[in-house]
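K.L.:
To be precise about what I am sending: the file is called input21.txt and holds compact mmCIF, C-alpha atoms.
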```txt
# COMPACT_ATOMS: atom_id res chain seq x y z
CA MET A 30 120.21 97.00 49.12
CA ILE A 31 119.12 99.12 52.04
CA ALA A 32 118.76 97.58 55.49
CA ARG A 33 116.36 99.50 57.74
CA LEU A 34 116.57 99.09 61.49
CA VAL A 35 116.35 100.94 64.77
CA LEU A 36 119.78 100.40 66.29
CA ASN A 37 119.93 101.09 70.04
CA GLY A 38 117.04 103.51 69.75
CA ARG A 39 118.23 105.30 66.60
CA ALA A 40 116.63 104.75 63.17
CA ARG A 41 119.27 103.76 60.61
CA GLU A 42 119.39 102.98 56.90
CA VAL A 43 122.48 101.07 55.87
CA GLU A 44 123.67 99.99 52.43
CA VAL A 45 124.23 96.21 52.56
CA ARG A 46 124.85 93.28 50.24
CA PRO A 47 121.99 90.75 49.90
CA ASN A 48 124.21 88.07 51.47
CA GLN A 49 125.35 90.19 54.42
CA THR A 50 124.30 89.10 57.90
CA LEU A 51 123.25 91.49 60.64
CA LEU A 52 126.47 90.54 62.44
CA GLU A 53 128.62 91.49 59.43
CA MET A 54 126.73 94.74 58.99
CA LEU A 55 127.15 95.68 62.65
CA ARG A 56 130.86 94.90 62.85
CA ASP A 57 132.19 95.47 59.32
CA THR A 58 129.97 98.30 58.11
CA LEU A 59 129.00 100.15 61.30
CA GLY A 60 131.95 99.32 63.61
CA VAL A 61 129.70 98.09 66.42
CA PHE A 62 132.30 95.87 68.06
CA ASP A 63 130.41 95.06 71.26
CA VAL A 64 128.81 92.28 69.16
CA LYS A 65 131.30 89.41 68.81
CA GLU A 66 131.67 86.81 66.10
CA GLY A 67 131.93 83.16 67.12
CA CYS A 68 130.59 80.05 65.44
CA ASP A 69 128.50 81.55 62.60
CA GLU A 70 125.87 78.87 63.13
CA GLY A 71 123.83 80.18 66.05
CA VAL A 72 125.25 77.85 68.68
CA CYS A 73 127.73 79.89 70.76
CA GLY A 74 125.72 83.01 71.61
CA VAL A 75 128.52 85.59 71.42
CA CYS A 76 126.78 87.47 68.59
CA THR A 77 123.51 87.75 70.54
CA VAL A 78 121.48 90.91 69.97
CA LEU A 79 117.92 91.67 71.01
CA LEU A 80 115.51 91.78 68.08
CA ASP A 81 112.39 93.62 69.23
CA GLY A 82 113.42 92.63 72.76
CA ARG A 83 114.05 88.92 72.14
CA PRO A 84 117.48 87.28 71.90
CA ALA A 85 118.59 86.44 68.38
CA SER A 86 121.83 85.28 66.78
CA SER A 87 122.92 88.21 64.61
CA CYS A 88 124.97 85.73 62.52
CA LEU A 89 121.69 84.09 61.44
CA VAL A 90 119.77 87.19 60.38
CA LEU A 91 120.11 88.70 56.92
CA ALA A 92 120.55 92.46 57.27
CA ALA A 93 118.34 93.07 54.23
CA ALA A 94 115.48 91.27 56.00
CA LEU A 95 115.36 93.55 59.07
CA ARG A 96 112.43 95.71 57.89
CA GLY A 97 112.72 98.37 60.58
CA ARG A 98 113.06 96.04 63.57
CA ALA A 99 114.61 97.24 66.81
CA VAL A 100 118.13 95.87 67.31
CA THR A 101 119.73 96.25 70.75
CA THR A 102 123.40 95.58 71.37
CA LEU A 103 125.30 95.92 74.63
CA ARG A 104 125.73 99.67 73.97
CA GLY A 105 121.98 99.98 74.09
CA ILE A 106 121.75 98.87 77.71
CA GLU A 107 124.25 101.30 79.19
CA ARG A 108 122.70 103.80 81.54
CA ASP A 109 123.75 107.44 81.16
CA GLY A 110 127.01 106.34 79.60
CA GLY A 111 127.83 104.20 82.66
CA LEU A 112 127.55 100.50 83.32
CA HIS A 113 124.15 98.86 83.70
CA PRO A 114 123.69 97.45 87.24
CA LEU A 115 123.76 93.93 85.75
CA GLN A 116 127.19 94.71 84.29
CA GLU A 117 128.31 95.93 87.70
CA ALA A 118 127.08 92.67 89.25
CA PHE A 119 129.14 90.73 86.67
CA VAL A 120 132.23 92.74 87.60
CA ARG A 121 131.64 92.34 91.34
CA HIS A 122 131.21 88.57 91.13
CA GLY A 123 134.14 87.87 88.83
CA ALA A 124 131.73 86.71 86.12
CA VAL A 125 134.00 88.13 83.42
CA GLN A 126 137.29 86.53 82.50
CA CYS A 127 138.24 86.92 78.85
CA GLY A 128 134.99 88.81 78.31
CA PHE A 129 134.20 87.46 74.86
CA CYS A 130 130.90 85.84 75.87
CA THR A 131 129.88 88.65 78.23
CA PRO A 132 127.84 90.88 75.87
CA GLY A 133 125.71 87.91 74.79
CA MET A 134 125.29 86.73 78.38
CA LEU A 135 124.13 90.19 79.53
CA LEU A 136 121.62 90.65 76.73
CA THR A 137 120.21 87.14 77.16
CA VAL A 138 119.75 87.70 80.90
CA LEU A 139 118.06 91.07 80.40
CA ALA A 140 115.63 89.53 77.89
CA LEU A 141 114.87 86.78 80.42
CA LEU A 142 114.20 89.32 83.17
CA GLU A 143 111.79 91.24 80.94
CA ARG A 144 109.56 88.12 80.88
CA GLU A 145 110.45 86.57 84.22
CA PRO A 146 111.66 89.17 86.73
CA ARG A 147 112.43 86.70 89.57
CA PRO A 148 114.05 83.63 88.00
CA ASP A 149 115.56 81.04 90.34
CA ARG A 150 118.96 79.45 89.72
CA PRO A 151 117.69 76.63 87.46
CA ALA A 152 115.71 79.15 85.39
CA ILE A 153 118.80 81.34 84.99
CA ARG A 154 120.87 78.35 83.93
CA ALA A 155 118.19 77.23 81.48
CA ALA A 156 117.99 80.70 79.93
CA LEU A 157 121.77 80.74 79.43
CA GLU A 158 121.93 77.24 77.92
CA GLY A 159 122.66 78.70 74.51
CA ASN A 160 125.49 81.02 75.60
CA LEU A 161 128.85 79.28 75.79
CA CYS A 162 131.60 80.47 78.16
CA ARG A 163 134.97 78.74 78.02
CA CYS A 164 136.52 80.52 81.03
CA THR A 165 134.30 80.87 84.05
CA GLY A 166 132.60 77.50 84.35
CA TYR A 167 129.35 79.50 84.51
CA ALA A 168 129.03 79.44 88.32
CA LYS A 169 130.06 83.06 88.80
CA ILE A 170 127.87 84.22 85.93
CA VAL A 171 124.84 82.62 87.55
CA ASP A 172 125.95 84.04 90.94
CA ALA A 173 126.07 87.52 89.42
CA VAL A 174 122.61 87.21 87.91
CA GLU A 175 121.17 85.86 91.17
CA ALA A 176 122.69 88.73 93.13
CA TYR A 177 121.36 91.25 90.62
CA VAL A 178 117.86 89.74 90.79
CA ARG A 179 117.96 89.90 94.60
CA ALA A 180 119.17 93.49 94.61
CA GLU A 181 116.61 94.62 92.03
CA GLY A 182 113.85 92.83 93.93
CA GLY A 183 114.84 94.75 97.05
CA ARG A 184 114.78 98.01 95.12
CA ASP A 185 111.35 97.40 93.54
CA GLY A 186 109.55 96.01 96.52
CA MET B 9 128.36 83.31 51.92
CA HIS B 10 128.12 82.94 48.18
CA PRO B 11 126.40 85.86 46.50
CA PHE B 12 122.68 85.51 45.84
CA ASP B 13 119.73 87.69 44.97
CA TYR B 14 117.36 88.46 47.84
CA VAL B 15 113.66 89.00 47.25
CA ALA B 16 111.12 89.66 50.01
CA ALA B 17 107.83 88.39 48.61
CA GLU B 18 104.80 90.53 49.46
CA THR B 19 102.21 87.88 48.66
CA LEU B 20 102.02 84.09 48.56
CA GLU B 21 101.41 84.30 44.79
CA GLU B 22 104.61 86.30 44.33
CA ALA B 23 106.62 83.80 46.42
CA LEU B 24 105.19 80.86 44.49
CA GLY B 25 105.87 82.59 41.16
CA LEU B 26 109.51 83.08 42.17
CA LEU B 27 109.83 79.41 43.10
CA ARG B 28 108.25 78.39 39.80
CA GLU B 29 110.64 80.67 37.93
CA HIS B 30 113.85 79.70 39.74
CA GLY B 31 113.18 76.05 40.69
CA ASP B 32 116.13 74.41 42.42
CA GLU B 33 118.07 77.70 42.34
CA ALA B 34 115.69 79.26 44.88
CA LYS B 35 115.67 78.79 48.66
CA VAL B 36 112.83 79.89 50.92
CA LEU B 37 113.83 81.98 53.95
CA ALA B 38 111.49 81.78 56.95
CA GLY B 39 113.14 81.95 60.38
CA GLY B 40 116.56 81.30 58.86
CA GLN B 41 117.81 79.23 61.78
CA SER B 42 118.74 76.28 59.55
CA LEU B 43 119.12 78.00 56.17
CA VAL B 44 121.46 80.81 57.26
CA PRO B 45 124.00 78.47 58.93
CA MET B 46 124.01 76.49 55.69
CA LEU B 47 124.57 79.73 53.75
CA ASN B 48 127.33 80.82 56.16
CA TYR B 49 129.12 77.50 55.64
CA ARG B 50 128.37 77.49 51.90
CA LEU B 51 126.56 74.17 52.23
CA ALA B 52 123.69 75.89 50.46
CA ARG B 53 124.46 78.09 47.45
CA PRO B 54 121.13 79.30 46.10
CA GLY B 55 120.87 81.83 43.28
CA VAL B 56 117.85 83.47 44.91
CA VAL B 57 116.68 83.65 48.51
CA VAL B 58 112.91 84.17 48.70
CA ASP B 59 112.02 85.76 52.06
CA ILE B 60 108.45 84.79 53.01
CA ASN B 61 108.34 86.60 56.36
CA ARG B 62 105.90 89.24 55.10
CA LEU B 63 103.26 86.67 54.16
CA PRO B 64 100.23 86.36 56.45
CA LEU B 65 101.06 82.85 57.66
CA GLY B 66 101.53 83.57 61.36
CA ASP B 67 98.15 82.62 62.85
CA ILE B 68 97.29 80.03 65.49
CA SER B 69 93.63 78.98 65.52
CA VAL B 70 91.61 76.19 67.09
CA ASP B 71 88.05 75.40 66.15
CA ASP B 72 86.05 72.25 66.59
CA GLY B 73 89.05 70.34 67.90
CA ARG B 74 91.06 71.12 64.76
CA LEU B 75 94.20 73.16 65.27
CA ARG B 76 95.73 75.26 62.52
CA LEU B 77 99.24 76.69 62.71
CA GLY B 78 100.51 79.05 60.02
CA ALA B 79 103.93 78.18 58.63
CA LEU B 80 105.41 81.36 60.16
CA VAL B 81 104.34 80.65 63.75
CA ARG B 82 107.58 80.98 65.76
CA HIS B 83 108.72 78.37 68.25
CA HIS B 84 108.46 80.85 71.15
CA GLN B 85 104.78 81.34 70.26
CA LEU B 86 104.21 77.61 70.71
CA GLU B 87 105.80 77.93 74.16
CA GLU B 88 103.85 81.02 75.19
CA SER B 89 100.42 80.62 73.56
CA ASP B 90 97.57 80.32 76.09
CA VAL B 91 95.25 78.62 73.63
CA LEU B 92 97.87 75.98 72.83
CA ALA B 93 98.59 75.44 76.54
CA ARG B 94 94.90 74.58 76.96
CA ARG B 95 94.19 72.74 73.72
CA CYS B 96 97.45 71.17 72.50
CA PRO B 97 100.09 71.46 75.24
CA VAL B 98 102.46 68.93 73.67
CA LEU B 99 103.48 71.65 71.21
CA GLY B 100 104.71 73.99 73.94
CA GLU B 101 106.63 71.24 75.70
CA ALA B 102 108.30 70.20 72.44
CA ALA B 103 109.06 73.78 71.38
CA GLY B 104 110.86 74.45 74.67
CA LEU B 105 113.39 71.76 73.70
CA ILE B 106 114.20 73.24 70.28
CA GLY B 107 117.76 74.56 69.86
CA ASN B 108 118.33 77.52 72.17
CA VAL B 109 116.34 80.62 73.10
CA ARG B 110 117.64 82.48 70.02
CA VAL B 111 116.53 79.71 67.66
CA ARG B 112 113.10 79.86 69.30
CA THR B 113 112.86 83.63 68.75
CA LEU B 114 113.04 83.30 64.97
CA GLY B 115 112.63 79.65 64.01
CA THR B 116 109.28 78.70 62.49
CA VAL B 117 106.97 75.69 62.45
CA GLY B 118 106.98 75.54 58.64
CA GLY B 119 110.74 75.89 58.50
CA SER B 120 111.33 73.05 60.94
CA LEU B 121 109.03 70.76 58.95
CA ALA B 122 110.42 71.71 55.54
CA HIS B 123 114.01 71.38 56.76
CA ALA B 124 113.17 67.87 58.03
CA ASP B 125 116.10 67.19 60.31
CA PRO B 126 115.52 63.58 61.44
CA ALA B 127 116.25 64.48 65.08
CA ALA B 128 114.11 67.63 65.20
CA GLU B 129 111.22 67.91 67.65
CA LEU B 130 108.33 69.25 65.57
CA PRO B 131 108.46 66.60 62.82
CA ALA B 132 108.14 63.94 65.54
CA VAL B 133 105.27 65.84 67.21
CA MET B 134 103.38 66.17 63.92
CA THR B 135 103.95 62.47 63.25
CA ALA B 136 102.51 61.59 66.67
CA LEU B 137 99.54 63.95 66.23
CA ASP B 138 98.89 62.57 62.72
CA ALA B 139 98.88 66.15 61.42
CA ARG B 140 98.46 67.19 57.81
CA ILE B 141 100.92 69.63 56.28
CA ALA B 142 99.44 72.22 53.96
CA VAL B 143 101.56 73.13 50.94
CA ALA B 144 101.11 75.39 47.95
CA SER B 145 102.65 75.92 44.53
CA ALA B 146 101.76 78.13 41.59
CA SER B 147 99.60 75.29 40.28
CA GLY B 148 97.58 74.72 43.42
CA ARG B 149 97.35 73.60 47.01
CA ARG B 150 97.36 70.20 48.67
CA THR B 151 97.84 68.67 52.10
CA ILE B 152 100.22 65.83 52.90
CA ALA B 153 99.98 63.56 55.95
CA ALA B 154 102.94 64.23 58.25
CA ARG B 155 103.50 60.47 58.37
CA GLU B 156 104.19 60.56 54.60
CA PHE B 157 105.77 64.02 54.35
CA PHE B 158 109.25 63.10 55.61
CA THR B 159 111.13 60.96 53.10
CA GLY B 160 114.70 60.94 54.46
CA PRO B 161 117.34 63.13 56.10
CA LEU B 162 116.53 66.75 55.15
CA SER B 163 114.16 65.36 52.52
CA THR B 164 110.42 65.74 52.16
CA ALA B 165 107.59 65.16 49.71
CA LEU B 166 107.71 68.88 48.80
CA ALA B 167 108.27 69.63 45.11
CA PRO B 168 110.94 72.29 44.41
CA ASP B 169 108.25 74.87 43.60
CA GLU B 170 106.13 74.14 46.68
CA ILE B 171 106.22 75.77 50.11
CA VAL B 172 104.71 74.76 53.42
CA THR B 173 101.90 77.17 54.29
CA GLY B 174 100.78 75.61 57.56
CA VAL B 175 99.80 72.56 59.56
CA GLU B 176 96.39 71.22 60.44
CA THR B 177 96.01 68.68 63.20
CA PRO B 178 93.56 67.27 65.71
CA ALA B 179 94.36 69.17 68.93
CA LEU B 180 93.71 66.15 71.22
CA PRO B 181 93.06 68.30 74.32
CA ALA B 182 91.95 65.31 76.43
CA TYR B 183 95.21 63.44 75.89
CA GLY B 184 98.04 63.36 78.40
CA TRP B 185 101.32 64.30 76.78
CA ALA B 186 105.08 64.19 77.26
CA VAL B 187 108.21 64.88 75.26
CA GLU B 188 111.49 63.36 76.40
CA GLU B 189 114.86 63.75 74.75
CA MET B 190 118.50 63.27 75.50
CA SER B 191 121.25 65.26 73.86
CA ARG B 192 124.97 65.34 74.50
CA ARG B 193 124.95 69.06 75.26
CA ALA B 194 122.10 71.48 75.92
CA GLY B 195 120.82 72.75 72.58
CA ASP B 196 122.23 69.92 70.47
CA PHE B 197 119.99 67.82 68.31
CA ALA B 198 118.75 64.84 70.31
CA VAL B 199 120.53 61.48 70.44
CA ALA B 200 116.95 60.27 70.69
CA ALA B 201 113.65 62.05 71.32
CA VAL B 202 110.17 60.71 71.87
CA VAL B 203 106.71 62.23 71.85
CA ALA B 204 103.90 60.39 73.66
CA LEU B 205 100.17 61.17 73.74
CA VAL B 206 97.79 58.99 75.74
CA SER B 207 94.06 59.13 76.43
CA VAL B 208 92.25 56.99 78.99
CA ASP B 209 88.61 56.00 79.11
CA ARG B 210 86.30 56.19 82.13
CA ARG B 211 87.41 52.81 83.40
CA GLY B 212 90.99 54.05 83.40
CA ARG B 213 92.08 51.98 80.39
CA VAL B 214 94.14 53.38 77.56
CA ASP B 215 91.75 54.51 74.87
CA ASP B 216 94.38 55.75 72.44
CA ALA B 217 98.14 56.12 72.42
CA ARG B 218 100.36 57.99 69.97
CA VAL B 219 104.12 57.56 70.01
CA ALA B 220 106.74 58.96 67.65
CA PHE B 221 110.52 59.14 67.87
CA GLY B 222 113.07 61.60 66.53
CA GLY B 223 116.76 60.88 66.05
CA VAL B 224 116.45 57.10 65.66
CA ALA B 225 116.00 56.81 61.88
CA ASP B 226 116.39 58.83 58.68
CA ARG B 227 113.00 60.44 59.42
CA PRO B 228 110.52 60.62 62.31
CA PHE B 229 109.55 57.11 63.40
CA HIS B 230 105.90 56.32 64.14
CA ALA B 231 106.01 53.65 66.86
CA ARG B 232 102.89 51.61 66.08
CA ALA B 233 104.09 48.65 68.19
CA ALA B 234 104.12 50.75 71.36
CA GLU B 235 100.68 52.16 70.60
CA ASP B 236 99.20 48.69 69.98
CA ALA B 237 100.80 47.36 73.15
CA LEU B 238 99.00 49.98 75.26
CA ARG B 239 95.57 50.40 73.64
CA GLY B 240 92.80 48.81 75.69
CA ARG B 241 95.16 48.01 78.56
CA GLU B 242 95.31 49.37 82.03
CA PRO B 243 98.28 51.76 82.05
CA THR B 244 100.35 50.11 84.80
CA THR B 245 104.09 50.38 85.29
CA GLU B 246 104.36 46.91 83.71
CA SER B 247 102.22 47.64 80.64
CA ILE B 248 104.07 50.92 80.07
CA ALA B 249 107.42 49.12 80.31
CA ARG B 250 106.13 46.47 77.89
CA ALA B 251 105.03 49.13 75.40
CA ALA B 252 108.39 50.90 75.64
CA ARG B 253 110.14 47.58 75.04
CA ALA B 254 107.95 46.94 72.00
CA ALA B 255 108.87 50.39 70.69
CA ARG B 256 112.56 49.78 71.26
CA GLU B 257 112.53 46.41 69.55
CA ALA B 258 111.09 47.96 66.40
CA LEU B 259 114.02 50.40 66.14
CA ASP B 260 117.25 49.95 64.21
CA PRO B 261 118.92 53.32 64.77
CA PRO B 262 122.05 54.50 62.96
CA SER B 263 125.46 54.98 64.59
CA ASP B 264 127.37 58.22 64.24
CA ALA B 265 130.75 59.55 65.39
CA PHE B 266 129.49 59.98 68.97
CA VAL B 267 126.82 57.39 69.61
CA SER B 268 126.41 53.77 68.51
CA GLY B 269 123.11 52.56 67.13
CA ALA B 270 122.81 50.09 70.02
CA TYR B 271 123.19 52.84 72.61
CA ARG B 272 120.75 55.08 70.77
CA ARG B 273 118.24 52.24 70.81
CA LEU B 274 118.71 51.70 74.54
CA VAL B 275 118.25 55.40 75.25
CA ALA B 276 115.15 55.52 73.05
CA GLY B 277 113.55 52.72 75.06
CA VAL B 278 114.23 54.41 78.39
CA LEU B 279 112.94 57.76 77.14
CA CYS B 280 109.83 56.09 75.75
CA ARG B 281 109.04 54.51 79.11
CA ARG B 282 109.46 57.85 80.88
CA ALA B 283 107.38 59.72 78.30
CA LEU B 284 104.55 57.18 78.45
CA ALA B 285 104.55 57.27 82.26
CA ARG B 286 104.29 61.05 82.29
CA ALA B 287 101.66 61.12 79.55
CA VAL B 288 99.58 58.53 81.40
CA ALA B 289 99.78 60.48 84.67
CA ARG B 290 98.58 63.60 82.86
CA ALA B 291 95.83 61.68 81.05
CA LEU B 292 94.54 60.33 84.36
CA GLY B 293 94.59 63.89 85.70
CA ARG B 294 92.53 65.08 82.72
CA ALA B 295 90.09 62.15 82.50
```
In structure tokens, how does this file's structure come out?
P.N.:
Amino acid sequence: MIARLVLNGRAREVEVRPNQTLLEMLRDTLGVFDVKEGCDEGVCGVCTVLLDGRPASSCLVLAAALRGRAVTTLRGIERDGGLHPLQEAFVRHGAVQCGFCTPGMLLTVLALLEREPRPDRPAIRAALEGNLCRCTGYAKIVDAVEAYVRAEGGRDG
Amino acid sequence: MHPFDYVAAETLEEALGLLREHGDEAKVLAGGQSLVPMLNYRLARPGVVVDINRLPLGDISVDDGRLRLGALVRHHQLEESDVLARRCPVLGEAAGLIGNVRVRTLGTVGGSLAHADPAAELPAVMTALDARIAVASASGRRTIAAREFFTGPLSTALAPDEIVTGVETPALPAYGWAVEEMSRRAGDFAVAAVVALVSVDRRGRVDDARVAFGGVADRPFHARAAEDALRGREPTTESIARAARAAREALDPPSDAFVSGAYRRLVAGVLCRRALARAVARALGRA
């Protein structure tokens, strides 16, 4: 079967099996390794992608069912080949340890900020409820997002 | 995943024809947030997956106090819809507690009802609202009362060739509402969940109360005892506590590996008291 999607801004048609998930297509067929595989049941958040701008578990989407939707992975948020300022904030605040959860965290935060540009700490924590991190204890991740929100607010206003 | 054939139905008739043809071998794919985990873990091994996402079942409409939700309305739409916030706000509050943000992106109203997890939020909400679930098969359409739709864990009154097409319910815009639940970790299914809807008359007495639990039985539990204990009474701290106690005493929840039935029952009573108190405060604000 053919899966049709717009992957990080580029229209793609990919030959897939009917039982292939978006996650399997990205990693196994296309070599997009910035999407990680975790629990395979939508709980851990490491396979998060943005589907038309909203967070989705790529392990729970059949590739054949994409029908031209826009899929954004971490690659899609880089700016001019460099790090996105949110990534820089993660680095600065020590919000990355093993790094396995980081792509999902970043995409989930960016989707939150699209809808709610000035979230407070509880709102950030609530948005990240579905992204598990087994290293950082979350505090530094939330610190990084808070600092980024403050810095961006300063830049906009 | 086991191999299967995948068909994206273009029309309801095509989807229903496929279900008629394949019977138990077919599984309906809506949001996929329960089905695809079961496929990944090979707990479900259908011969054919019938994708219904192209069908025009995504509308939300309210007229004359009746609310209609298409089966493909996504949970995030329940959270974000302005018309629901005004006319049936309990749906948005319940939807915000479903799974995680990714589940709410794709998960659907019809899927949650058809999947019928006993601890899920929307089955309990529809039980409290006394909604009717619209279903269709190749031989016709019917509606089933939510209070009769759920028949056990992951089991419903749906025939193998039927699909849920939508829900119709009184919107109850004048009712105060609250949804309370406790889970062991954020995003887990609830140890116990409760939905409360309360209306008060001009004298400040409870005109009507609707209470339903999730997680405390093999299906949503309609707590008639709590409703009867409140109707016609002044909604004081004492009468609310009495109603919550009546609700708790009617429960005989199961134990599992993490939580004993006795503890679940205790939690359900506490949550019920909190939900009724919040619903009453909102009802007084709206009266």
K.L.:
Mind running chain B against chain A at 7 Å and telling me each contacting residue's nearest atom pair with the distance in Å (one decimal), counting only C-alpha atoms, chain and number ascending, as a tab-separated table?
P.N.:
```
residue	atom	partner	partner_atom	distance
B:Met9	CA	A:Asn48	CA	6.3
B:Pro11	CA	A:Asn48	CA	5.9
B:Phe12	CA	A:Asn48	CA	6.4
B:Asp13	CA	A:Pro47	CA	6.2
B:Tyr14	CA	A:Pro47	CA	5.6
B:Gly40	CA	A:Leu89	CA	6.4
B:Gln41	CA	A:Leu89	CA	6.2
B:Val44	CA	A:Leu89	CA	5.3
B:Pro45	CA	A:Glu70	CA	4.6
B:Asn48	CA	A:Asp69	CA	6.6
B:Asn108	CA	A:Gly159	CA	5.1
B:Val109	CA	A:Gly159	CA	6.8
B:Arg110	CA	A:Ala85	CA	4.4
B:Thr113	CA	A:Ala85	CA	6.4
B:Ala194	CA	A:Glu158	CA	6.1
B:Gly195	CA	A:Gly159	CA	6.5
```
K.L.:
Mind dumping the selected residues with C-alpha atoms as a PDB file, in the frame of the given file?
P.N.:
```pdb
ATOM      1  CA  MET B   9     128.360  83.310  51.920  1.00  0.00           C
ATOM      2  CA  PRO B  11     126.400  85.860  46.500  1.00  0.00           C
ATOM      3  CA  PHE B  12     122.680  85.510  45.840  1.00  0.00           C
ATOM      4  CA  ASP B  13     119.730  87.690  44.970  1.00  0.00           C
ATOM      5  CA  TYR B  14     117.360  88.460  47.840  1.00  0.00           C
ATOM      6  CA  GLY B  40     116.560  81.300  58.860  1.00  0.00           C
ATOM      7  CA  GLN B  41     117.810  79.230  61.780  1.00  0.00           C
ATOM      8  CA  VAL B  44     121.460  80.810  57.260  1.00  0.00           C
ATOM      9  CA  PRO B  45     124.000  78.470  58.930  1.00  0.00           C
ATOM     10  CA  ASN B  48     127.330  80.820  56.160  1.00  0.00           C
ATOM     11  CA  ASN B 108     118.330  77.520  72.170  1.00  0.00           C
ATOM     12  CA  VAL B 109     116.340  80.620  73.100  1.00  0.00           C
ATOM     13  CA  ARG B 110     117.640  82.480  70.020  1.00  0.00           C
ATOM     14  CA  THR B 113     112.860  83.630  68.750  1.00  0.00           C
ATOM     15  CA  ALA B 194     122.100  71.480  75.920  1.00  0.00           C
ATOM     16  CA  GLY B 195     120.820  72.750  72.580  1.00  0.00           C
TER      17      GLY B 195
END
```
K.L.:
Compile the contact shell of B:Glu101 as a VMD selection string: residues with an atom at most 8 Å away, counting only C-alpha atoms, same-chain residues fewer than 6 positions apart removed.
P.N.:
chain B and resid 87 186 to 187
K.L.:
What's the 6 Å shell around B:Arg76, counting only C-alpha atoms, without same-chain residues fewer than 6 positions away, as a ChimeraX atom specification?
P.N.:
/B:68-69,175-176
K.L.:
Atom CA of B:Ala251 to atom CA of B:Cys96: how many Å, to one decimal?
P.N.:
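Computed distance, atom CA of B:Ala251 to atom CA of B:Cys96, equals 23.5 Å.
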K.L.:
Please, what distance in Å, to one decimal, runs between atom CA of A:Asp109 and atom CA of A:Val35?
P.N.:
19.1 Å
K.L.:
Could you jot down the atom CA of B:Leu77 to atom CA of B:Gly222 separation for me, Å, one decimal place?
P.N.:
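Between atom CA of B:Leu77 and atom CA of B:Gly222 the gap is 20.8 Å.
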K.L.:
Counting only C-alpha atoms, select every polymer residue within 12 Å of (108.2, 58.3, 79.8) as defined in the file's coordinates, and provide the selection as an MDAnalysis selection string.
P.N.:
chainID B and resid 184:189 201:206 219 245 248:249 251:253 275:290
K.L.:
Around the point (93.8, 47.9, 78.1) (coordinates from the file), which residues reach within 10 Å if we count all atoms listed in the file? Answer as a PDB file with C-alpha atoms, in the coordinates of the input.
P.N.:
```pdb
ATOM      1  CA  VAL B 208      92.250  56.990  78.990  1.00  0.00           C
ATOM      2  CA  ASP B 209      88.610  56.000  79.110  1.00  0.00           C
ATOM      3  CA  ARG B 211      87.410  52.810  83.400  1.00  0.00           C
ATOM      4  CA  GLY B 212      90.990  54.050  83.400  1.00  0.00           C
ATOM      5  CA  ARG B 213      92.080  51.980  80.390  1.00  0.00           C
ATOM      6  CA  VAL B 214      94.140  53.380  77.560  1.00  0.00           C
ATOM      7  CA  ASP B 215      91.750  54.510  74.870  1.00  0.00           C
ATOM      8  CA  ASP B 216      94.380  55.750  72.440  1.00  0.00           C
ATOM      9  CA  ASP B 236      99.200  48.690  69.980  1.00  0.00           C
ATOM     10  CA  ALA B 237     100.800  47.360  73.150  1.00  0.00           C
ATOM     11  CA  LEU B 238      99.000  49.980  75.260  1.00  0.00           C
ATOM     12  CA  ARG B 239      95.570  50.400  73.640  1.00  0.00           C
ATOM     13  CA  GLY B 240      92.800  48.810  75.690  1.00  0.00           C
ATOM     14  CA  ARG B 241      95.160  48.010  78.560  1.00  0.00           C
ATOM     15  CA  GLU B 242      95.310  49.370  82.030  1.00  0.00           C
ATOM     16  CA  PRO B 243      98.280  51.760  82.050  1.00  0.00           C
ATOM     17  CA  THR B 244     100.350  50.110  84.800  1.00  0.00           C
ATOM     18  CA  SER B 247     102.220  47.640  80.640  1.00  0.00           C
TER      19      SER B 247
END
```
K.L.:
Which residues are near A:Val171? Cut-off 8 Å, only C-alpha atoms, ignore same chain within fewer than 4 positions. Put them as a PyMOL selection string.
P.N.:
chain A and resi 150+153-154+167+175
K.L.:
Just want the 6 Å neighbourhood of B:Gly100, counted on all atoms listed in the file, with same-chain residues fewer than 3 positions away dropped. Output as a ChimeraX atom specification.
P.N.:
/B:86-87,97,103
K.L.:
Stretch 18-34 of chain B: which residues within 6 Å, counting all atoms listed in the file, same-chain residues fewer than 3 positions away excluded, as a VMD selection string?
P.N.:
chain B and resid 54 to 57 62 to 63 145 to 146 168 to 169
K.L.:
Edge lengths and centre in Å to one decimal, as JSON, of the axis-aligned box that encloses all listed atoms of stretch 184-192 of chain B with 4 Å added on every side?
P.N.:
```
{"center_x": 111.5, "center_y": 64.3, "center_z": 76.1, "size_x": 34.9, "size_y": 10.1, "size_z": 12.5}
```
